[in-house]
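Okay, data.pdb now, which holds PDB, C-alpha atoms:
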```pdb
MODEL        1
ATOM      1  CA  MET A  11       0.000   0.000   0.000
ATOM      2  CA  SER A  12       1.328   3.390  -0.864
ATOM      3  CA  LYS A  13      -0.447   5.210   1.977
ATOM      4  CA  ASP A  14       1.031   3.265   4.896
ATOM      5  CA  PRO A  15       1.881   5.437   7.896
ATOM      6  CA  GLN A  16       5.552   6.033   8.585
ATOM      7  CA  PRO A  17       7.038   3.383  10.909
ATOM      8  CA  GLY A  18       7.820   5.808  13.717
ATOM      9  CA  GLN A  19       4.611   7.837  13.587
ATOM     10  CA  SER A  20       2.648   7.973  16.791
ATOM     11  CA  LEU A  21      -1.081   7.571  16.960
ATOM     12  CA  PHE A  22      -1.177   9.999  19.871
ATOM     13  CA  SER A  23      -0.856  13.754  19.547
ATOM     14  CA  GLN A  24       1.694  15.604  21.636
ATOM     15  CA  ILE A  25       0.816  18.431  23.987
ATOM     16  CA  ASP A  26       3.115  21.428  24.068
ATOM     17  CA  VAL A  27       3.545  22.474  27.702
ATOM     18  CA  SER A  28       6.212  25.099  26.994
ATOM     19  CA  ASN A  29       3.608  27.863  26.642
ATOM     20  CA  ILE A  30       2.204  27.423  30.136
ATOM     21  CA  GLY A  31       2.262  30.806  31.794
ATOM     22  CA  SER A  32       2.215  32.722  28.524
ATOM     23  CA  GLN A  33      -0.278  35.509  27.889
ATOM     24  CA  LYS A  34      -2.579  33.463  25.565
ATOM     25  CA  PRO A  35      -2.978  29.925  26.958
ATOM     26  CA  LYS A  36      -6.493  29.475  25.563
ATOM     27  CA  ALA A  37      -5.390  30.268  22.021
ATOM     28  CA  THR A  38      -2.476  27.855  22.267
ATOM     29  CA  ALA A  39      -4.658  25.098  23.699
ATOM     30  CA  ARG A  40      -7.228  25.664  20.954
ATOM     31  CA  ALA A  41      -4.495  25.513  18.281
ATOM     32  CA  HIS A  42      -3.204  22.263  19.742
ATOM     33  CA  ALA A  43      -6.720  20.846  19.908
ATOM     34  CA  GLU A  44      -7.317  21.746  16.266
ATOM     35  CA  SER A  45      -3.955  20.223  15.354
ATOM     36  CA  GLY A  46      -4.892  17.050  17.239
ATOM     37  CA  ASP A  47      -8.264  16.952  15.506
ATOM     38  CA  ARG A  48      -6.555  17.246  12.117
ATOM     39  CA  GLU A  49      -4.172  14.440  13.075
ATOM     40  CA  HIS A  50      -7.022  12.192  14.163
ATOM     41  CA  THR A  51      -8.943  12.992  10.998
ATOM     42  CA  ARG A  52      -5.885  12.114   8.895
ATOM     43  CA  ILE A  53      -5.443   8.829  10.730
ATOM     44  CA  LEU A  54      -9.126   7.967  10.318
ATOM     45  CA  ARG A  55      -8.892   8.729   6.594
ATOM     46  CA  GLU A  56      -5.872   6.409   6.308
ATOM     47  CA  ILE A  57      -7.757   3.665   8.151
ATOM     48  CA  LEU A  58     -10.742   4.156   5.853
ATOM     49  CA  ALA A  59      -8.511   3.992   2.772
ATOM     50  CA  ALA A  60      -6.900   0.783   4.063
ATOM     51  CA  GLN A  61     -10.330  -0.761   4.693
ATOM     52  CA  ASP A  62     -11.459   0.240   1.209
ATOM     53  CA  ARG A  63      -8.388  -1.477  -0.237
ATOM     54  CA  GLN A  64      -9.027  -4.594   1.853
ATOM     55  CA  ASN A  65     -12.610  -4.684   0.596
ATOM     56  CA  GLU A  66     -11.392  -4.421  -2.994
ATOM     57  CA  LEU A  67      -8.948  -7.291  -2.427
ATOM     58  CA  LEU A  68     -11.658  -9.429  -0.798
ATOM     59  CA  GLU A  69     -13.978  -8.796  -3.743
ATOM     60  CA  GLU A  70     -11.222  -9.876  -6.135
ATOM     61  CA  LEU A  71     -10.612 -13.000  -4.039
ATOM     62  CA  VAL A  72     -14.291 -13.900  -4.012
ATOM     63  CA  THR A  73     -14.427 -13.415  -7.769
ATOM     64  CA  GLN A  74     -11.405 -15.675  -8.317
ATOM     65  CA  VAL A  75     -12.656 -18.418  -6.003
ATOM     66  CA  GLY A  76     -16.153 -18.225  -7.468
ATOM     67  CA  ALA A  77     -14.787 -18.493 -11.004
ATOM     68  CA  ALA A  78     -12.743 -21.570 -10.099
ATOM     69  CA  GLN A  79     -15.760 -23.216  -8.451
ATOM     70  CA  ARG A  80     -18.001 -22.438 -11.424
ATOM     71  CA  GLN A  81     -15.386 -23.870 -13.788
ATOM     72  CA  ARG A  82     -15.089 -27.052 -11.698
ATOM     73  CA  ALA A  83     -18.885 -27.427 -11.536
ATOM     74  CA  ASN A  84     -19.088 -26.920 -15.303
ATOM     75  CA  GLU A  85     -16.402 -29.566 -15.896
ATOM     76  CA  LEU A  86     -18.201 -32.027 -13.612
ATOM     77  CA  GLY A  87     -21.474 -31.337 -15.405
ATOM     78  CA  GLN A  88     -19.828 -31.987 -18.776
ATOM     79  CA  TRP A  89     -18.275 -35.211 -17.466
ATOM     80  CA  LYS A  90     -21.665 -36.374 -16.161
ATOM     81  CA  GLU A  91     -23.305 -35.598 -19.513
ATOM     82  CA  ALA A  92     -20.569 -37.474 -21.381
ATOM     83  CA  ASN A  93     -20.706 -40.455 -18.983
ATOM     84  CA  PRO A  94     -24.297 -40.761 -17.718
ATOM     85  CA  HIS A  95     -24.109 -44.499 -17.064
ATOM     86  CA  LEU A  96     -20.851 -44.186 -15.107
ATOM     87  CA  ALA A  97     -22.285 -41.256 -13.169
ATOM     88  CA  ARG A  98     -25.284 -43.396 -12.170
ATOM     89  CA  CYS A  99     -22.919 -46.222 -11.170
ATOM     90  CA  CYS A 100     -20.994 -43.757  -9.005
ATOM     91  CA  ARG A 101     -24.282 -42.752  -7.330
ATOM     92  CA  GLN A 102     -25.152 -46.395  -6.583
ATOM     93  CA  ALA A 103     -21.637 -47.071  -5.294
ATOM     94  CA  ALA A 104     -21.767 -43.973  -3.091
ATOM     95  CA  GLU A 105     -25.100 -45.063  -1.620
ATOM     96  CA  SER A 106     -23.777 -48.575  -0.926
ATOM     97  CA  LEU A 107     -20.507 -47.332   0.501
ATOM     98  CA  SER A 108     -22.431 -44.904   2.699
ATOM     99  CA  LYS A 109     -24.085 -47.903   4.347
ATOM    100  CA  VAL A 110     -20.659 -49.467   4.866
ATOM    101  CA  GLN A 111     -19.481 -46.218   6.403
ATOM    102  CA  THR A 112     -22.445 -46.223   8.796
ATOM    103  CA  GLU A 113     -21.584 -49.737   9.997
ATOM    104  CA  PHE A 114     -17.922 -48.781  10.319
ATOM    105  CA  LEU A 115     -18.874 -45.763  12.446
ATOM    106  CA  LYS A 116     -21.065 -47.983  14.637
ATOM    107  CA  SER A 117     -18.128 -50.318  15.307
ATOM    108  CA  LEU A 118     -15.820 -47.350  15.907
ATOM    109  CA  THR A 119     -18.168 -45.777  18.449
ATOM    110  CA  ALA A 120     -18.743 -49.144  20.148
ATOM    111  CA  GLU A 121     -14.973 -49.570  20.443
ATOM    112  CA  ILE A 122     -14.719 -46.142  22.055
ATOM    113  CA  GLY A 123     -17.527 -46.924  24.482
ATOM    114  CA  ASP A 124     -16.042 -50.288  25.455
ATOM    115  CA  ASN A 125     -12.489 -48.980  25.910
ATOM    116  CA  PHE A 126     -13.007 -45.398  27.048
ATOM    117  CA  ASP A 127     -10.950 -45.707  30.242
ATOM    118  CA  ALA A 128      -8.067 -47.453  28.479
ATOM    119  CA  LEU A 129      -8.076 -44.844  25.697
ATOM    120  CA  LEU A 130      -8.145 -42.036  28.232
ATOM    121  CA  ASP A 131      -5.383 -43.408  30.450
ATOM    122  CA  GLY A 132      -3.062 -45.140  28.018
ATOM    123  CA  GLU A 133      -1.211 -43.458  25.208
ATOM    124  CA  PHE A 134      -0.419 -46.864  23.704
ATOM    125  CA  MET A 135      -4.108 -47.774  23.513
ATOM    126  CA  LEU A 136      -5.017 -44.412  22.008
ATOM    127  CA  ASN A 137      -2.302 -44.763  19.364
ATOM    128  CA  GLU A 138      -3.496 -48.285  18.568
ATOM    129  CA  PHE A 139      -7.054 -47.033  18.216
ATOM    130  CA  VAL A 140      -6.057 -44.168  15.913
ATOM    131  CA  ASP A 141      -3.831 -46.474  13.837
ATOM    132  CA  ARG A 142      -6.642 -49.008  13.549
ATOM    133  CA  PHE A 143      -9.517 -46.685  12.656
ATOM    134  CA  GLY A 144      -7.981 -43.402  11.469
ATOM    135  CA  PRO A 145      -6.590 -44.290   8.033
ATOM    136  CA  ARG A 146      -9.643 -46.369   7.088
ATOM    137  CA  LEU A 147     -12.001 -43.587   8.098
ATOM    138  CA  ALA A 148      -9.997 -40.951   6.216
ATOM    139  CA  HIS A 149      -9.749 -43.042   3.033
ATOM    140  CA  LEU A 150     -13.384 -44.095   3.204
ATOM    141  CA  ASN A 151     -14.459 -40.466   3.502
ATOM    142  CA  GLY A 152     -12.229 -39.527   0.556
ATOM    143  CA  VAL A 153     -13.644 -42.251  -1.681
ATOM    144  CA  LEU A 154     -17.205 -41.318  -0.722
ATOM    145  CA  GLN A 155     -16.518 -37.685  -1.531
ATOM    146  CA  VAL A 156     -15.170 -38.515  -4.998
ATOM    147  CA  LEU A 157     -18.066 -40.856  -5.763
ATOM    148  CA  SER A 158     -20.568 -38.260  -4.599
ATOM    149  CA  GLN A 159     -19.032 -35.550  -6.779
ATOM    150  CA  LEU A 160     -19.023 -37.790  -9.830
ATOM    151  CA  SER A 161     -22.475 -39.222  -9.264
ATOM    152  CA  ALA A 162     -25.393 -38.140 -11.353
ATOM    153  CA  VAL A 163     -28.442 -36.363 -10.126
ATOM    154  CA  PRO A 164     -31.520 -38.596 -10.017
ATOM    155  CA  ASP A 165     -32.547 -39.848 -13.472
ATOM    156  CA  SER A 166     -34.457 -37.335 -15.537
ATOM    157  CA  PRO A 167     -37.021 -38.524 -18.114
ATOM    158  CA  GLY A 168     -34.850 -37.552 -21.108
ATOM    159  CA  MET A 169     -31.678 -39.263 -19.870
ATOM    160  CA  PRO A 170     -30.811 -42.533 -21.611
ATOM    161  CA  ASN A 171     -30.566 -45.536 -19.335
ATOM    162  CA  THR A 172     -27.856 -47.403 -21.246
ATOM    163  CA  PRO A 173     -24.067 -47.344 -20.900
TER     164      PRO A 173
ENDMDL
END
```

Full structure transcribed into structure tokens:
Amino acid sequence: MSKDPQPGQSLFSQIDVSNIGSQKPKATARAHAESGDREHTRILREILAAQDRQNELLEELVTQVGAAQRQRANELGQWKEANPHLARCCRQAAESLSKVQTEFLKSLTAEIGDNFDALLDGEFMLNEFVDRFGPRLAHLNGVLQVLSQLSAVPDSPGMPNTP
């Protein structure tokens, strides 16, 4: 940013006490107050300009991310149109694998319930549990995510039902 404040600049205004006892203390105090007001106004304008720039950058970021997501969705839609039978197979596989995942989660939660004290007290048991269930759960979730993304929406009347 070109309007960054200087590194040593203070956000606080200084009060000149050297004129105490002079003939016109009210005028000096008023001048210092006006100077402080100008300084605060300048700082607020700089903050506003920085926020405006941040908003511009966020809008650009949203535009870039949105464009990438739209492109990905378009590519997936084209793939599904080019491979309707495979997309339907992915949907069926995702539904079946989801049932497998449910059973896996039931056994995982039962294992936790049965061995809660051992998992809580023993680092060895916790490591064994994570080694046993962690990779399978992570890979299963990854496969389900891919199948879900590639799966077709429910059959429409105009969609052919052949490979």

Could you pull out every residue with an atom within 7 Å of (-26.6, -42.8, -10.6), file coordinates, counting only C-alpha atoms, and send them as a list in words?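 The residues near that point, listed by chain and number, are Ala97, Arg98, Cys99, Cys100, Arg101, Gln102, Ser161, Ala162, Val163 and Pro164 of chain A.
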
A:Leu86, A:Val75, A:Ile57, A:Ala148 ranked by distance to A:Leu115, top pick (using only C-alpha atoms):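 Between A:Leu86, A:Val75, A:Ile57, A:Ala148, the residue approaching A:Leu115 most closely is A:Ala148.
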
Atomic distance atom CA of A:Gly87 - atom CA of A:Gln159, expressed in Å with one decimal: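 Interatomic distance here is 9.9 Å.
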
Atom pair atom CA of A:Thr112 / atom CA of A:Leu150: separation (Å):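 Distance reported for this atom pair: 10.9 Å.
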
What separation in Å, quoted to one decimal, exists between atom CA of A:Glu85 and atom CA of A:Leu154?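 Atom-to-atom, atom CA of A:Glu85 to atom CA of A:Leu154, that is 19.2 Å.
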
Smallest atom-to-atom distance to A:Val153: which of A:Ile122, A:Leu136, A:Leu107, A:Ala43, using only C-alpha atoms?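 Closest to A:Val153, using only C-alpha atoms: A:Leu107.
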
Could you give me the centre and size, in Å to one decimal, of an axis-aligned box around all listed atoms of stretch 117-134 of chain A with 5 Å added on every side, as lines of an AutoDock Vina configuration file?
```
center_x = -9.6
center_y = -46.2
center_z = 22.9
size_x = 28.3
size_y = 18.3
size_z = 25.1
```

Point (-6.2, -46.7, 16.7), cut-off 12 Å, counting only C-alpha atoms, residues as a PyMOL selection string: chain A and resi 118+121-122+125+128-129+132-147
